[in-house]
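*Asks:* My structure is in model-v4.txt, and what it holds is compact mmCIF, C-alpha atoms:
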# COMPACT_ATOMS: atom_id res chain seq x y z
CA MET A 17 -67.65 -27.13 -33.25
CA THR A 18 -67.68 -28.37 -36.83
CA GLU A 19 -66.12 -31.72 -37.63
CA PRO A 20 -62.71 -31.66 -39.36
CA GLN A 21 -62.88 -32.07 -43.11
CA THR A 22 -62.06 -35.50 -44.52
CA TRP A 23 -59.57 -35.04 -47.33
CA PRO A 24 -59.34 -37.29 -50.41
CA GLU A 25 -56.07 -39.03 -51.10
CA TYR A 26 -53.50 -36.81 -52.83
CA THR A 27 -52.23 -37.79 -56.25
CA ASP A 28 -50.39 -35.80 -58.89
CA ALA A 29 -53.32 -36.34 -61.24
CA ALA A 30 -55.72 -34.96 -58.62
CA ALA A 31 -53.57 -31.85 -58.27
CA ARG A 32 -53.53 -31.30 -62.02
CA ALA A 33 -57.31 -31.74 -62.18
CA VAL A 34 -57.87 -28.79 -59.83
CA HIS A 35 -55.26 -26.52 -61.49
CA CYS A 36 -52.63 -27.06 -58.81
CA TRP A 37 -49.65 -28.41 -60.73
CA PHE A 38 -47.02 -25.75 -61.45
CA ASP A 39 -43.30 -25.89 -62.11
CA VAL A 40 -42.78 -23.14 -59.54
CA ASP A 41 -43.43 -25.72 -56.81
CA ARG A 42 -40.49 -27.89 -57.85
CA VAL A 43 -37.39 -27.36 -55.71
CA PRO A 44 -34.31 -28.73 -57.50
CA ARG A 45 -32.60 -31.61 -55.67
CA ASP A 46 -35.16 -31.46 -52.85
CA PRO A 47 -37.97 -33.96 -53.48
CA ALA A 48 -39.29 -33.71 -49.91
CA THR A 49 -39.85 -29.97 -50.11
CA THR A 50 -41.28 -30.31 -53.61
CA ALA A 51 -43.79 -32.85 -52.30
CA TRP A 52 -44.69 -30.54 -49.41
CA LYS A 53 -45.30 -27.59 -51.71
CA ARG A 54 -47.44 -29.57 -54.14
CA ARG A 55 -49.54 -31.08 -51.37
CA ALA A 56 -50.01 -27.71 -49.64
CA ARG A 57 -51.23 -26.06 -52.84
CA TRP A 58 -53.60 -28.95 -53.56
CA GLY A 59 -54.90 -28.80 -50.00
CA GLN A 60 -55.94 -25.19 -50.39
CA ALA A 61 -57.85 -26.04 -53.55
CA GLN A 62 -59.59 -28.85 -51.67
CA TRP A 63 -60.55 -26.43 -48.88
CA ARG A 64 -61.91 -23.96 -51.46
CA GLN A 65 -63.89 -26.56 -53.38
CA ALA A 66 -65.45 -27.98 -50.23
CA ARG A 67 -66.97 -24.55 -49.61
CA GLY A 68 -68.13 -23.98 -53.15
CA TYR A 69 -65.88 -20.96 -53.75
CA ALA A 70 -64.90 -20.03 -57.30
CA GLY A 71 -61.25 -20.52 -58.21
CA GLY A 72 -58.92 -17.72 -59.18
CA TRP A 73 -56.41 -16.82 -61.84
CA HIS A 74 -52.91 -15.72 -62.68
CA PRO A 75 -52.89 -12.77 -62.93
CA TYR A 76 -55.36 -12.17 -60.13
CA SER A 77 -57.54 -9.94 -62.30
CA GLY A 78 -58.24 -12.80 -64.73
CA GLY A 79 -58.98 -12.20 -68.41
CA SER A 80 -58.98 -14.18 -71.62
CA ASP A 81 -55.29 -15.08 -71.39
CA ALA A 82 -55.25 -15.81 -67.64
CA THR A 83 -54.21 -19.19 -66.20
CA PRO A 84 -56.62 -20.86 -63.74
CA VAL A 85 -55.09 -21.39 -60.28
CA GLY A 86 -56.96 -23.71 -57.95
CA SER A 87 -55.25 -22.35 -54.85
CA ARG A 88 -56.66 -18.85 -55.42
CA LEU A 89 -60.08 -17.28 -55.09
CA GLU A 90 -61.76 -15.22 -57.79
CA LEU A 91 -60.57 -11.73 -56.87
CA GLU A 92 -63.78 -9.71 -56.77
CA PHE A 93 -65.54 -12.44 -54.81
CA ALA A 94 -62.59 -12.59 -52.40
CA ARG A 95 -62.61 -8.84 -51.78
CA ALA A 96 -66.38 -8.71 -51.28
CA SER A 97 -66.70 -11.80 -49.09
CA GLY A 98 -63.44 -11.99 -47.14
CA ALA A 99 -63.60 -15.75 -47.76
CA ASN A 100 -59.82 -16.14 -47.34
CA PHE A 101 -60.23 -15.53 -43.59
CA ILE A 102 -61.53 -18.18 -41.26
CA THR A 103 -63.03 -16.07 -38.46
CA PRO A 104 -64.72 -12.67 -38.20
CA GLY A 105 -61.83 -11.55 -35.99
CA ALA A 106 -59.26 -12.36 -38.66
CA LEU A 107 -61.28 -10.50 -41.30
CA ALA A 108 -61.71 -7.48 -39.00
CA ALA A 109 -57.93 -7.40 -38.45
CA VAL A 110 -57.34 -7.46 -42.22
CA ARG A 111 -59.72 -4.59 -42.85
CA ALA A 112 -58.21 -2.56 -40.03
CA ARG A 113 -54.69 -3.07 -41.41
CA VAL A 114 -55.67 -2.22 -44.99
CA ASP A 115 -57.26 0.98 -43.73
CA ALA A 116 -54.08 2.00 -41.85
CA PRO A 117 -51.16 1.93 -44.33
CA GLU A 118 -47.57 2.33 -43.12
CA GLN A 119 -45.02 4.39 -45.01
CA PHE A 120 -43.16 2.40 -47.69
CA GLN A 121 -45.18 -0.72 -46.94
CA MET A 122 -45.07 -3.69 -49.32
CA LEU A 123 -48.52 -5.10 -48.56
CA LYS A 124 -49.87 -6.81 -51.69
CA GLU A 125 -53.63 -6.63 -51.37
CA ASP A 126 -54.52 -8.96 -54.25
CA ARG A 127 -52.46 -11.70 -52.63
CA LEU A 128 -53.90 -10.93 -49.22
CA TRP A 129 -57.51 -11.25 -50.35
CA ALA A 130 -57.32 -13.98 -52.98
CA ASP A 131 -54.27 -16.23 -52.50
CA LEU A 132 -55.30 -19.17 -50.31
CA LEU A 133 -51.74 -20.49 -50.22
CA SER A 134 -50.01 -17.31 -49.07
CA SER A 135 -48.53 -17.07 -45.59
CA MET A 136 -49.76 -13.46 -45.35
CA PRO A 137 -53.46 -14.33 -44.95
CA MET A 138 -52.39 -17.35 -42.87
CA CYS A 139 -50.80 -14.93 -40.41
CA PHE A 140 -54.09 -13.06 -40.02
CA ASN A 141 -55.91 -16.37 -39.62
CA LEU A 142 -53.52 -17.44 -36.87
CA PHE A 143 -53.36 -14.20 -34.93
CA GLY A 144 -56.21 -11.96 -36.07
CA ASP A 145 -58.49 -12.87 -33.17
CA LEU A 146 -55.82 -11.58 -30.77
CA ALA A 147 -55.79 -8.07 -32.25
CA GLY A 148 -56.47 -5.21 -29.88
CA GLU A 149 -55.49 -4.89 -26.25
CA GLY A 150 -57.84 -7.38 -24.63
CA GLU A 151 -57.20 -10.17 -22.17
CA GLU A 152 -57.24 -12.86 -24.87
CA GLY A 153 -54.11 -11.46 -26.48
CA ARG A 154 -52.26 -11.08 -23.20
CA ARG A 155 -53.12 -14.64 -22.16
CA ALA A 156 -51.91 -16.11 -25.45
CA ILE A 157 -48.64 -14.17 -25.37
CA ARG A 158 -47.94 -15.22 -21.79
CA THR A 159 -48.67 -18.86 -22.62
CA TRP A 160 -46.45 -18.91 -25.71
CA TRP A 161 -43.63 -16.86 -24.19
CA PRO A 162 -43.73 -17.01 -20.37
CA ASP A 163 -40.57 -14.92 -20.06
CA VAL A 164 -42.01 -11.88 -21.87
CA PRO A 165 -42.40 -8.77 -19.65
CA ASN A 166 -45.87 -8.08 -18.33
CA GLY A 167 -47.96 -5.36 -19.93
CA GLU A 168 -50.66 -4.42 -22.40
CA VAL A 169 -50.24 -6.08 -25.80
CA ARG A 170 -50.65 -4.32 -29.13
CA VAL A 171 -50.91 -6.58 -32.20
CA ARG A 172 -49.58 -5.03 -35.41
CA PHE A 173 -49.68 -6.83 -38.77
CA GLU A 174 -47.17 -6.35 -41.61
CA HIS A 175 -45.36 -3.93 -39.35
CA SER A 176 -42.00 -2.20 -39.28
CA PRO A 177 -40.86 0.36 -36.71
CA GLY A 178 -39.35 2.35 -39.60
CA ARG A 179 -38.87 1.22 -43.19
CA ARG A 180 -35.82 2.78 -44.87
CA ASP A 181 -34.83 4.27 -41.51
CA LEU A 182 -31.08 3.94 -40.96
CA THR A 183 -31.51 3.99 -37.20
CA PHE A 184 -33.02 0.54 -37.72
CA LEU A 185 -31.80 -1.33 -40.83
CA GLY A 186 -32.43 1.16 -43.63
CA ASN A 187 -34.34 -1.42 -45.66
CA GLN A 188 -38.01 -2.34 -46.03
CA SER A 189 -38.02 -5.37 -43.76
CA ALA A 190 -41.19 -5.87 -41.73
CA PHE A 191 -42.65 -8.45 -39.40
CA ASP A 192 -45.67 -10.40 -40.58
CA VAL A 193 -47.05 -9.68 -37.14
CA ALA A 194 -45.52 -7.89 -34.18
CA PHE A 195 -46.62 -8.15 -30.56
CA GLU A 196 -45.56 -4.96 -28.82
CA ILE A 197 -45.85 -5.07 -25.05
CA ASN A 198 -46.02 -1.94 -22.90
CA ALA A 199 -43.43 -2.81 -20.27
CA GLY A 200 -43.88 0.42 -18.28
CA LYS A 201 -41.86 3.63 -17.89
CA ASP A 202 -42.07 4.33 -21.63
CA THR A 203 -40.35 1.05 -22.52
CA ARG A 204 -41.52 -1.72 -24.79
CA ALA A 205 -40.91 -5.40 -25.42
CA ILE A 206 -41.23 -6.71 -28.97
CA ILE A 207 -41.93 -10.14 -30.42
CA GLY A 208 -41.56 -9.99 -34.19
CA VAL A 209 -42.98 -12.97 -36.09
CA GLU A 210 -42.33 -14.23 -39.61
CA THR A 211 -44.80 -16.85 -40.82
CA LYS A 212 -44.06 -19.41 -43.52
CA TYR A 213 -46.38 -21.97 -45.09
CA HIS A 214 -45.86 -23.10 -48.67
CA GLU A 215 -42.56 -21.22 -49.12
CA HIS A 216 -39.11 -22.73 -48.96
CA ALA A 217 -35.82 -21.15 -47.90
CA VAL A 218 -34.27 -19.59 -51.01
CA VAL A 219 -30.66 -18.60 -51.65
CA GLU A 220 -30.55 -14.79 -51.88
CA ALA A 221 -28.04 -12.45 -53.48
CA PRO A 222 -25.73 -10.75 -50.98
CA PRO A 223 -26.80 -7.24 -49.92
CA LYS A 224 -25.09 -4.25 -51.50
CA PRO A 225 -21.97 -3.07 -49.63
CA ARG A 226 -23.58 -0.06 -47.90
CA ALA A 227 -26.52 -2.12 -46.64
CA LEU A 228 -24.25 -4.98 -45.62
CA ALA A 229 -22.11 -2.62 -43.55
CA ARG A 230 -25.16 -1.61 -41.50
CA TYR A 231 -26.29 -5.22 -41.11
CA ALA A 232 -22.80 -6.23 -39.98
CA GLU A 233 -22.78 -3.40 -37.43
CA VAL A 234 -26.05 -4.61 -35.86
CA THR A 235 -24.86 -8.22 -35.99
CA GLU A 236 -21.56 -7.54 -34.24
CA ARG A 237 -23.07 -5.22 -31.61
CA SER A 238 -25.65 -7.83 -30.67
CA GLY A 239 -23.08 -10.34 -29.47
CA VAL A 240 -25.35 -13.28 -30.34
CA PHE A 241 -23.56 -14.63 -33.44
CA ALA A 242 -20.61 -17.01 -33.60
CA ASP A 243 -17.37 -16.14 -35.35
CA GLY A 244 -17.60 -16.77 -39.08
CA TRP A 245 -21.28 -15.79 -39.25
CA ARG A 246 -20.76 -13.82 -42.46
CA GLU A 247 -19.64 -16.80 -44.51
CA ARG A 248 -22.45 -18.97 -43.17
CA ILE A 249 -25.29 -16.47 -43.70
CA VAL A 250 -24.64 -13.81 -46.33
CA GLY A 251 -25.75 -14.89 -49.79
CA THR A 252 -27.27 -18.14 -48.51
CA ASP A 253 -30.76 -19.46 -47.84
CA LEU A 254 -30.41 -18.25 -44.23
CA GLN A 255 -30.13 -14.60 -45.21
CA GLN A 256 -33.84 -13.78 -44.97
CA ILE A 257 -34.09 -15.28 -41.47
CA TRP A 258 -31.04 -13.24 -40.46
CA LEU A 259 -32.48 -9.96 -41.78
CA ASP A 260 -35.75 -10.49 -39.93
CA HIS A 261 -33.83 -11.35 -36.76
CA LEU A 262 -31.69 -8.24 -37.25
CA LEU A 263 -34.80 -6.04 -37.22
CA VAL A 264 -35.49 -7.09 -33.63
CA LEU A 265 -31.80 -6.64 -32.73
CA ALA A 266 -31.78 -3.16 -34.30
CA MET A 267 -34.81 -2.23 -32.21
CA LEU A 268 -32.98 -3.33 -29.06
CA GLN A 269 -30.00 -1.19 -30.12
CA HIS A 270 -32.09 1.83 -31.12
CA PRO A 271 -30.89 5.18 -29.70
CA SER A 272 -34.34 5.89 -28.26
CA LYS A 273 -33.82 2.95 -25.87
CA ARG A 274 -37.55 2.31 -26.16
CA TRP A 275 -37.27 -1.46 -26.65
CA THR A 276 -35.66 -3.28 -23.73
CA TRP A 277 -36.63 -6.88 -24.51
CA GLY A 278 -37.09 -8.57 -27.86
CA ARG A 279 -37.35 -11.82 -29.75
CA PHE A 280 -37.72 -12.84 -33.38
CA VAL A 281 -39.89 -15.91 -33.95
CA LEU A 282 -39.99 -17.96 -37.15
CA VAL A 283 -43.28 -19.87 -37.47
CA TYR A 284 -43.76 -22.70 -39.99
CA PRO A 285 -45.60 -26.04 -40.30
CA SER A 286 -43.57 -28.88 -38.85
CA ALA A 287 -44.04 -30.77 -42.14
CA ASN A 288 -42.26 -28.06 -44.15
CA PRO A 289 -38.81 -29.68 -44.44
CA SER A 290 -37.08 -26.63 -45.89
CA PHE A 291 -37.75 -24.25 -43.00
CA ALA A 292 -37.36 -26.96 -40.38
CA ALA A 293 -33.83 -27.55 -41.67
CA ALA A 294 -33.05 -23.85 -42.15
CA ALA A 295 -34.11 -23.04 -38.59
CA SER A 296 -31.87 -25.79 -37.24
CA ARG A 297 -28.86 -24.55 -39.20
CA TYR A 298 -29.50 -20.95 -38.17
CA ARG A 299 -29.53 -21.89 -34.48
CA GLU A 300 -26.05 -23.38 -34.90
CA ILE A 301 -24.67 -19.94 -35.79
CA LEU A 302 -25.92 -18.35 -32.57
CA VAL A 303 -23.97 -18.21 -29.31
CA ALA A 304 -26.95 -16.74 -27.45
CA SER A 305 -30.47 -17.84 -28.30
CA ALA A 306 -32.76 -15.58 -26.25
CA THR A 307 -33.60 -13.30 -29.21
CA PHE A 308 -34.38 -16.07 -31.71
CA GLU A 309 -36.93 -18.85 -31.75
CA ALA A 310 -38.29 -21.21 -34.39
CA ARG A 311 -41.68 -22.69 -33.57
CA PRO A 312 -43.93 -25.01 -35.58
CA ILE A 313 -47.47 -23.76 -36.12
CA GLU A 314 -48.82 -26.81 -34.30
CA GLN A 315 -47.25 -25.59 -31.04
CA LEU A 316 -49.22 -22.33 -31.28
CA LEU A 317 -52.53 -24.17 -31.28
CA SER A 318 -52.36 -25.75 -27.84
CA PRO A 319 -55.18 -25.17 -25.32
CA GLY A 320 -55.03 -21.86 -23.50
CA THR A 321 -53.66 -19.90 -26.47
CA VAL A 322 -55.94 -19.13 -29.40
CA ALA A 323 -59.62 -20.02 -29.02
CA ASP A 324 -60.52 -23.65 -29.68
CA ARG A 325 -62.61 -22.68 -32.71
CA VAL A 326 -59.61 -20.84 -34.22
CA ALA A 327 -57.22 -23.71 -33.55
CA ALA A 328 -59.60 -26.20 -35.15
CA ALA A 329 -60.14 -23.99 -38.20
CA VAL A 330 -56.39 -23.43 -38.66
CA ARG A 331 -55.66 -27.15 -38.43
CA ASP A 332 -58.39 -27.95 -40.92
CA ARG A 333 -57.38 -25.24 -43.34
CA TYR A 334 -53.61 -25.51 -43.30
CA LEU A 335 -52.57 -28.86 -41.84
CA GLY A 336 -55.30 -31.40 -42.57
CA ALA A 337 -54.60 -31.98 -46.25
CA THR A 338 -50.80 -31.87 -46.01
CA THR A 339 -50.28 -35.09 -44.06
CA PRO A 340 -49.27 -37.89 -46.43
As structure tokens, how would this structure be written, given the file I've shared?
*Replies:*
Amino acid sequence: MTEPQTWPEYTDAAARAVHCWFDVDRVPRDPATTAWKRRARWGQAQWRQARGYAGGWHPYSGGSDATPVGSRLELEFARASGANFITPGALAAVRARVDAPEQFQMLKEDRLWADLLSSMPMCFNLFGDLAGEGEEGRRAIRTWWPDVPNGEVRVRFEHSPGRRDLTFLGNQSAFDVAFEINAGKDTRAIIGVETKYHEHAVVEAPPKPRALARYAEVTERSGVFADGWRERIVGTDLQQIWLDHLLVLAMLQHPSKRWTWGRFVLVYPSANPSFAAAASRYREILVASATFEARPIEQLLSPGTVADRVAAAVRDRYLGATTP
């Protein structure tokens, strides 16, 4: 096993020197989250530089007017090498997903291949080695969620059971990764996961009335939300978490009755103050918690889950440089 990388001390000047100082990382009235975002971006540039990879650009394609971005890879190199992915298993999962598009998908391939900071490639790096239906995936799922029904596990990235399908939510919501478990007798269990890294919880505009009516129907039928949920969620920074959670709840309510057990899991680094706080506030709105969980990335890296080499590589890549 390779030794963890030793990171230099973070400073604002160091971030500027490697093209990692951008106004987009500033969160108004939230210095802790701003500091997290700046350090996370800088850390990805440090990881890239330590491996001798060329930096990327905004836009991804580069050009004479492009802005250098230290937390990206040069696009053609990234596509050819798969350097954004830390194990052969993660890269194989990426290539398999790109080769199997889903209807109405919103998979942004430039970001997938070349953005070191994005949570999309991080999701493949966390879970890509579990893809397929082998024993490794089943063991990890059972360790993380002991109450999940037994059965074969299918790992599906950037997945929705039906985008724009009104028997679900009628929108284009998707899980970053879904673990679908064959529970027997033509029934399934579902664990839908949303991964966050550098992002922060953002206030969103309320859905349009027709969409909101469907979301409210799923919410009320689920029986898991406290009275007054609408005022505490709709049009707030909790709305995205709610919509992802609703996709699992809509699957459990689906007329096919295929899904009989489900949970939505929000995954984020424990040092990300925005999502740590958002997850805590979201839990307060629930009267039943079995279908929702928020779990720090660090808890997914314990022995007996992902392989030791994967856990070490994830810690080095995503957590090592972000500790003050």
*Asks:* Would you kindly return, as a list in words, each protein, DNA or RNA residue with an atom no farther than 10 Å from any atom of Gln315 (chain A), considering only C-alpha atoms and excluding same-chain residues fewer than 2 positions away?
*Replies:*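 Once the adjacent positions are removed, what remains is Trp160, Val283, Pro285, Ser286, Arg311, Pro312, Ile313, Leu317, Ser318, Pro319 and Thr321 of chain A.
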*Asks:* Out of A:Leu262, A:Leu146, A:Ile301, A:Val322, which residue has the shortest atom-to-atom distance to Glu247 (chain A) when counting only C-alpha atoms?
*Replies:*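 Checking each candidate against Glu247 (chain A), we get A:Ile301 as the closest.
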*Asks:* Could you pull the residues within 9 Å of region 333-335 of chain A, counting all atoms listed in the file, minus those fewer than 3 positions along the same chain, as a list in words?
*Replies:*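 My reading of the contact set: Gln21, Ala56, Gly59, Gln60, Trp63, Ile102, Leu133, Met138, Tyr213, Pro285, Ala287, Glu314, Ala328, Ala329, Val330, Thr338 and Thr339 of chain A.
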*Asks:* Tell me, in Å to one decimal, how far CA of Leu268 (chain A) is from CA of Val303 (chain A).
*Replies:*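 Straight-line distance from CA of Leu268 (chain A) to CA of Val303 (chain A) works out to 17.4 Å.
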*Asks:* Using all atoms listed in the file, which residue out of A:Val114, A:Ala147, A:Ala327, A:Leu132 lies closest to Gln65 (chain A)?
*Replies:*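 Among the listed residues, the smallest separation from Gln65 (chain A) belongs to A:Leu132.
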*Asks:* Please report the interatomic distance between CA of Pro223 (chain A) and CA of Trp245 (chain A) in Å with one decimal.
*Replies:*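 Computing the Euclidean distance for CA of Pro223 (chain A) and CA of Trp245 (chain A) yields 14.7 Å.
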